[in-house]
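Chemist: My file is target.txt. It has compact mmCIF, C-alpha atoms:
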# COMPACT_ATOMS: atom_id res chain seq x y z
CA MET A 13 -10.08 -40.93 22.03
CA GLN A 14 -9.73 -42.91 25.25
CA THR A 15 -10.81 -46.54 25.23
CA PRO A 16 -12.88 -47.94 28.13
CA ALA A 17 -9.79 -49.86 29.28
CA THR A 18 -7.75 -46.63 29.38
CA LYS A 19 -10.43 -44.90 31.44
CA ILE A 20 -10.52 -47.78 33.92
CA ASP A 21 -6.72 -47.78 34.21
CA GLN A 22 -6.68 -44.06 34.96
CA MET A 23 -9.49 -44.42 37.48
CA ILE A 24 -7.61 -47.15 39.33
CA VAL A 25 -4.50 -44.98 39.60
CA GLN A 26 -6.52 -42.03 40.88
CA LEU A 27 -8.44 -44.08 43.44
CA THR A 28 -5.45 -45.18 45.49
CA GLU A 29 -1.86 -44.32 46.27
CA PHE A 30 -1.05 -48.00 46.30
CA ILE A 31 -0.99 -50.37 43.33
CA LEU A 32 0.52 -53.84 43.58
CA PRO A 33 3.34 -54.47 41.07
CA SER A 34 2.05 -56.54 38.15
CA SER A 35 5.35 -57.34 36.43
CA LEU A 36 8.95 -58.13 37.35
CA MET A 37 10.11 -54.69 36.19
CA GLU A 38 7.44 -52.92 38.25
CA SER A 39 8.35 -55.02 41.28
CA PHE A 40 12.03 -54.15 40.83
CA ASP A 41 11.16 -50.47 40.50
CA VAL A 42 9.28 -50.62 43.81
CA TYR A 43 12.39 -52.13 45.41
CA ARG A 44 14.56 -49.42 43.88
CA GLY A 45 12.24 -46.74 45.19
CA GLU A 46 12.37 -48.21 48.70
CA LYS A 47 16.19 -48.25 48.69
CA TYR A 48 16.23 -44.68 47.42
CA LYS A 49 13.95 -43.52 50.23
CA GLU A 50 16.28 -45.16 52.74
CA ALA A 51 19.30 -43.43 51.19
CA ILE A 52 17.81 -39.92 51.32
CA LYS A 53 16.11 -40.27 54.72
CA ALA A 54 18.83 -38.42 56.64
CA VAL A 55 19.69 -35.92 53.90
CA PRO A 56 18.13 -32.43 54.16
CA GLU A 57 15.80 -31.54 51.30
CA SER A 58 17.84 -28.46 50.54
CA THR A 59 20.92 -30.65 50.05
CA LEU A 60 19.01 -32.97 47.73
CA ALA A 61 17.90 -29.94 45.70
CA TRP A 62 21.51 -28.75 45.38
CA PHE A 63 22.62 -32.24 44.33
CA LEU A 64 19.99 -32.32 41.58
CA ASP A 65 20.89 -28.81 40.42
CA MET A 66 24.56 -29.73 40.19
CA LEU A 67 23.83 -32.92 38.26
CA ASN A 68 21.52 -31.09 35.85
CA ARG A 69 24.18 -28.46 35.18
CA TYR A 70 26.62 -31.30 34.51
CA ARG A 71 24.17 -33.07 32.19
CA GLY A 72 23.32 -29.90 30.27
CA PRO A 73 20.07 -28.02 29.54
CA GLU A 74 18.88 -30.58 26.97
CA ASP A 75 19.07 -33.52 29.39
CA ARG A 76 17.65 -32.22 32.64
CA LYS A 77 15.95 -34.60 35.07
CA GLU A 78 13.21 -33.96 37.61
CA SER A 79 14.65 -36.07 40.42
CA LEU A 80 17.78 -37.86 41.54
CA LEU A 81 15.94 -41.14 41.04
CA GLU A 82 15.56 -40.23 37.35
CA VAL A 83 19.25 -39.36 37.03
CA PHE A 84 20.34 -42.71 38.40
CA ASP A 85 17.92 -44.98 36.57
CA PRO A 86 19.22 -48.38 35.39
CA CYS A 87 15.99 -49.01 33.45
CA MET A 88 16.06 -45.94 31.19
CA TYR A 89 16.90 -48.00 28.10
CA THR A 90 15.03 -51.19 28.91
CA GLU A 91 11.67 -50.48 27.24
CA ASN A 92 11.79 -53.89 25.53
CA HIS A 93 13.24 -55.78 28.49
CA PRO A 94 11.44 -59.12 29.03
CA ALA A 95 10.96 -58.18 32.70
CA TRP A 96 8.07 -55.95 31.63
CA GLU A 97 6.17 -59.06 30.53
CA ARG A 98 7.19 -61.46 33.29
CA PRO A 99 5.20 -61.83 36.50
CA PRO A 100 6.69 -60.36 39.70
CA CYS A 101 9.54 -62.30 41.26
CA THR A 102 12.67 -61.50 43.25
CA VAL A 103 15.52 -61.64 40.69
CA ILE A 104 16.15 -59.41 37.68
CA GLU A 105 19.02 -59.21 35.20
CA LEU A 106 20.02 -55.79 33.86
CA PRO A 107 22.86 -54.47 31.69
CA ALA A 108 26.12 -53.58 33.42
CA LEU A 109 26.50 -50.07 34.83
CA THR A 110 28.28 -47.53 32.63
CA SER A 111 31.06 -47.27 35.22
CA GLU A 112 31.63 -51.02 34.83
CA ILE A 113 31.65 -50.78 31.02
CA VAL A 114 34.25 -48.02 31.08
CA ALA A 115 36.44 -50.06 33.43
CA MET A 116 36.62 -52.75 30.72
CA ALA A 117 37.18 -50.32 27.82
CA GLU A 118 40.46 -50.26 25.91
CA LYS A 119 42.71 -47.26 26.51
CA GLY A 120 42.46 -44.77 23.68
CA SER A 121 39.04 -46.03 22.58
CA GLU A 122 36.23 -43.55 21.95
CA LEU A 123 34.44 -44.82 25.03
CA ALA A 124 37.50 -44.29 27.24
CA GLU A 125 38.15 -40.81 25.82
CA VAL A 126 34.55 -39.64 26.29
CA ALA A 127 34.56 -41.07 29.81
CA ARG A 128 37.76 -39.26 30.71
CA ASP A 129 36.31 -35.95 29.50
CA GLU A 130 33.05 -36.52 31.40
CA ILE A 131 34.93 -37.27 34.63
CA ARG A 132 36.97 -34.08 34.20
CA GLN A 133 33.82 -32.00 33.72
CA PHE A 134 32.05 -33.57 36.66
CA ARG A 135 35.04 -32.96 38.94
CA GLU A 136 34.71 -29.23 38.23
CA HIS A 137 30.98 -29.27 39.10
CA ALA A 138 31.61 -31.26 42.28
CA ASP A 139 34.50 -29.08 43.46
CA SER A 140 32.34 -27.15 45.95
CA TYR A 141 31.20 -30.32 47.75
CA ASP A 142 33.20 -31.89 50.56
CA ASP A 143 33.97 -35.61 50.83
CA GLU A 144 31.06 -36.33 53.19
CA GLU A 145 28.54 -34.71 50.87
CA LEU A 146 29.86 -36.60 47.85
CA MET A 147 29.68 -39.83 49.85
CA GLN A 148 26.01 -39.08 50.54
CA LEU A 149 25.39 -38.54 46.84
CA GLY A 150 27.32 -41.70 46.01
CA GLU A 151 25.09 -43.76 48.31
CA ILE A 152 21.99 -42.18 46.76
CA ALA A 153 23.29 -43.09 43.31
CA LYS A 154 23.92 -46.67 44.38
CA ALA A 155 20.37 -46.92 45.72
CA GLY A 156 18.84 -45.54 42.52
CA LEU A 157 20.95 -47.88 40.40
CA ALA A 158 20.24 -50.84 42.71
CA ASP A 159 23.99 -51.33 42.97
CA GLN A 160 24.56 -53.94 45.66
CA LYS A 161 28.32 -54.34 45.20
CA THR A 162 30.19 -51.05 44.81
CA GLY A 163 32.02 -49.52 47.75
CA PHE A 164 33.86 -46.20 47.90
CA GLN A 165 37.29 -45.65 49.45
CA THR A 166 38.39 -42.31 48.00
CA ARG A 167 36.91 -39.06 46.69
CA ASP A 168 38.19 -39.87 43.19
CA GLU A 169 36.29 -43.18 43.20
CA ILE A 170 33.04 -41.42 44.06
CA ILE A 171 33.58 -38.74 41.42
CA ARG A 172 34.31 -41.34 38.74
CA TYR A 173 31.23 -43.38 39.70
CA LEU A 174 28.89 -40.38 39.76
CA ALA A 175 30.28 -38.86 36.58
CA LEU A 176 29.93 -42.00 34.48
CA ASN A 177 26.55 -43.13 35.77
CA ALA A 178 24.94 -39.68 35.57
CA SER A 179 26.48 -38.65 32.25
CA ALA A 180 24.23 -37.60 29.36
CA GLY A 181 27.26 -38.02 27.08
CA MET A 182 27.65 -41.67 28.05
CA GLU A 183 23.92 -42.18 27.53
CA ASP A 184 24.35 -40.82 23.99
CA LEU A 185 27.02 -43.46 23.35
CA TRP A 186 24.57 -46.14 24.53
CA VAL A 187 21.91 -44.85 22.15
CA ALA A 188 24.37 -44.78 19.24
CA ASP A 189 25.72 -48.28 19.90
CA ALA A 190 24.73 -50.33 22.95
CA THR A 191 26.89 -53.31 21.97
CA LYS A 192 29.41 -53.00 24.81
CA TRP A 193 26.64 -52.79 27.39
CA LEU A 194 24.69 -55.70 25.95
CA GLU A 195 27.73 -57.94 25.51
CA ALA A 196 29.07 -57.34 29.02
CA PRO A 197 28.13 -59.71 31.85
CA VAL A 198 24.67 -58.78 33.15
CA ARG A 199 23.97 -57.58 36.66
CA ARG A 200 21.93 -60.11 38.60
CA ILE A 201 19.97 -58.26 41.28
CA GLU A 202 18.12 -60.12 44.01
CA PHE A 203 15.54 -58.34 46.15
CA PRO A 204 12.64 -59.13 48.53
CA ASP A 205 9.11 -60.01 47.44
CA MET A 206 7.83 -56.48 46.85
CA VAL A 207 4.26 -57.58 46.09
CA GLU A 208 3.96 -59.11 49.54
CA HIS A 209 5.80 -56.16 51.08
CA ARG A 210 3.38 -53.67 49.54
CA ARG A 211 0.38 -55.80 50.46
CA GLU A 212 1.49 -55.85 54.11
CA LEU A 213 2.01 -52.08 54.15
CA LEU A 214 -1.43 -51.55 52.67
CA HIS A 215 -3.14 -53.77 55.23
CA ARG A 216 -1.30 -51.96 58.02
CA GLY A 217 -2.46 -48.63 56.60
CA GLN A 218 1.09 -47.35 56.04
CA LEU A 219 0.65 -46.46 52.36
CA ALA A 220 -3.00 -45.49 52.49
CA PRO A 221 -5.81 -45.82 55.06
CA ALA A 222 -6.14 -49.45 56.07
CA LEU A 223 -8.66 -51.48 54.08
CA LYS A 224 -11.82 -52.54 55.91
CA LYS A 225 -13.71 -55.81 55.48
CA GLU A 226 -16.34 -54.11 53.35
CA ASP A 227 -13.64 -52.87 50.95
CA PHE A 228 -13.22 -56.48 49.77
CA VAL A 229 -16.91 -56.92 48.85
CA CYS A 230 -17.56 -56.84 45.09
CA TYR A 231 -19.88 -54.26 43.57
CA SER A 232 -23.42 -55.25 42.63
CA ASP A 233 -24.47 -55.28 38.96
CA ASN A 234 -26.49 -52.11 39.51
CA GLU A 235 -23.47 -50.35 41.02
CA VAL A 236 -21.23 -51.36 38.11
CA ARG A 237 -23.78 -50.11 35.58
CA SER A 238 -24.11 -46.86 37.51
CA PHE A 239 -20.34 -46.33 37.53
CA ALA A 240 -20.15 -47.06 33.79
CA CYS A 241 -22.78 -44.40 33.09
CA ASP A 242 -21.03 -41.81 35.24
CA MET A 243 -17.44 -42.55 36.29
CA ARG A 244 -17.44 -39.60 38.67
CA SER A 245 -19.95 -41.40 40.88
CA LEU A 246 -17.29 -43.97 41.70
CA PHE A 247 -15.28 -41.37 43.63
CA PHE A 248 -18.23 -40.72 45.92
CA HIS A 249 -18.92 -44.38 46.60
CA ASP A 250 -18.09 -45.49 50.15
CA ARG A 251 -16.08 -48.44 48.80
CA SER A 252 -14.34 -46.77 45.86
CA ARG A 253 -10.95 -48.34 46.71
CA HIS A 254 -12.32 -51.82 46.02
CA LEU A 255 -11.79 -51.19 42.30
CA ALA A 256 -8.03 -50.92 42.84
CA ILE A 257 -7.74 -54.38 44.39
CA CYS A 258 -10.34 -56.42 42.47
CA THR A 259 -9.55 -57.46 38.89
CA GLY A 260 -13.03 -59.01 38.59
CA CYS A 261 -14.81 -55.70 39.17
CA GLN A 262 -12.27 -53.95 36.94
CA LYS A 263 -13.19 -56.28 34.06
CA ARG A 264 -16.93 -55.94 34.73
CA LEU A 265 -16.68 -52.15 34.74
CA GLU A 266 -14.53 -52.18 31.60
CA ALA A 267 -17.10 -54.38 29.82
CA TRP A 268 -20.03 -52.17 30.77
CA THR A 269 -18.11 -49.00 29.88
CA LYS A 270 -17.41 -50.45 26.44
CA ILE A 271 -21.10 -51.31 25.93
CA ILE A 272 -22.16 -47.76 26.79
CA SER A 273 -19.34 -46.24 24.73
CA ASP A 274 -20.26 -48.33 21.67
CA PHE A 275 -23.91 -47.36 22.05
CA ASP A 276 -23.05 -43.65 22.30
CA ASN A 277 -20.85 -43.90 19.20
CA LYS A 278 -23.64 -45.52 17.20
CA ILE A 279 -26.10 -42.82 18.25
CA ALA A 280 -23.60 -40.06 17.43
CA THR A 281 -22.92 -41.40 13.92
CA LYS A 282 -26.50 -42.35 13.04
CA THR A 283 -27.80 -40.20 10.17
CA ASP A 284 -31.11 -41.90 9.34
CA TRP A 285 -33.16 -40.56 12.23
CA PRO A 286 -36.80 -41.73 12.47
CA ASP A 287 -39.61 -39.17 12.36
CA ALA A 288 -40.93 -38.08 15.72
Once you've parsed the file, please lay out its structure as structure tokens.
Modeler:
Amino acid sequence: MQTPATKIDQMIVQLTEFILPSSLMESFDVYRGEKYKEAIKAVPESTLAWFLDMLNRYRGPEDRKESLLEVFDPCMYTENHPAWERPPCTVIELPALTSEIVAMAEKGSELAEVARDEIRQFREHADSYDDEELMQLGEIAKAGLADQKTGFQTRDEIIRYLALNASAGMEDLWVADATKWLEAPVRRIEFPDMVEHRRELLHRGQLAPALKKEDFVCYSDNEVRSFACDMRSLFFHDRSRHLAICTGCQKRLEAWTKIISDFDNKIATKTDWPDA
């Protein structure tokens, strides 16, 4: 059963295409998404689809991804990362990339052997792509991974980078024992203030229709009570987007929704009905 808070959260997401990042990790993910969009801007959609198909065949049917941004995701194993709890800022520390971990691995180690096999397999999948296409995919991977340092000089360098950082086999090694990743020097990634960046885009109407002055006016008590009684009415309100930008009205609506929900639950469970 959904709680009033869950209903409000879902309503906020549905009301607008734009939500300001509320944590460091969310802010970083916005930055990563912006870099990814820049990287794919000049790449035909058909080419992106072929890239994803090739990477999914390399990863195997049990580890398919829905987008290139999901394949090259540095946050896939950071559910408990403190950045989820910290307020937005412009610096984040993440574990080293798998390609960096392998570069430090001892020859003959399990990690090095698995990596060598993964690179061999990926080279076979990438054989039909020319150097320019692989360079495009390499830049897309760097954007998704928020890699601000790596540069490519040869085809072999790109293949090694893509193979190791897109490998489901290497991810399995992380899951089994993440020690090498966690003990390696962290990546310190600096990026712009994405909260301010998103706020500016919103006010300019580049992410959604520009907000008007009346969109910043709080709802009356009667309006909040009306929304709590029938959430659908909020969609038809002429200032529905106000809910997405006002935490005060979000809390008021959540409180009234809880009151009504508690009342409905008491009525539904009441067995000692009075005589008519």
Chemist: In terms of the shortest atom-to-atom distance over only C-alpha atoms, which of A:His254, A:Arg172, A:Arg210, A:Arg71 is closest to Phe228 of chain A?
Modeler: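 Among the listed residues, the smallest separation from Phe228 of chain A belongs to A:His254.
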Chemist: Calculate how many Å separate atom CA of Pro100 of chain A from atom CA of Phe40 of chain A, rounding to one decimal.
Modeler: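 Computed distance, atom CA of Pro100 of chain A to atom CA of Phe40 of chain A, equals 8.3 Å.
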Chemist: Given all atoms listed in the file as the basis, pick out the residue of A:Leu176, A:Leu36, A:Val42, A:Val207 nearest to Asp129 of chain A.
Modeler: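 Result for the nearest residue to Asp129 of chain A: A:Leu176.
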Chemist: Atom CA of Asp139 of chain A and atom CA of Glu118 of chain A, how far apart in Å?
Modeler: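 Between atom CA of Glu118 of chain A and atom CA of Asp139 of chain A the gap is 28.1 Å.
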Chemist: Which residues are near Ser238 of chain A? Cut-off 12 Å, only C-alpha atoms, ignore same chain within fewer than 5 positions. Put them as a count of residues only.
Modeler: 14
Chemist: So, with all atoms listed in the file as the atoms that count, which of A:Arg76, A:Lys278, A:His93, A:Lys154 lies closest to Lys49 of chain A?
Modeler: A:Lys154
Chemist: Take the point (11.6, -59.8, 40.5) in the file's coordinates, draw a sphere of radius 10 Å around it, and report as a ChimeraX atom specification every protein, DNA or RNA residue with an atom inside or on it, counting only C-alpha atoms.
Modeler: /A:33,35-41,43,95,98-105,201-207
Chemist: For Lys225 of chain A, list every protein, DNA or RNA residue within 12 Å, evaluated using all atoms listed in the file, and leave out those in the same chain fewer than 5 positions away; present the list as a list of chain:residue names.
Modeler: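 Once the nearby chain positions are removed, what remains is A:His215, A:Cys230, A:Arg251, A:Arg253, A:His254.
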Chemist: Between A:Leu109, A:Val126, A:Leu32, A:Leu185, which residue has the minimum interatomic distance to Thr162 of chain A, considering only C-alpha atoms?
Modeler: A:Leu109
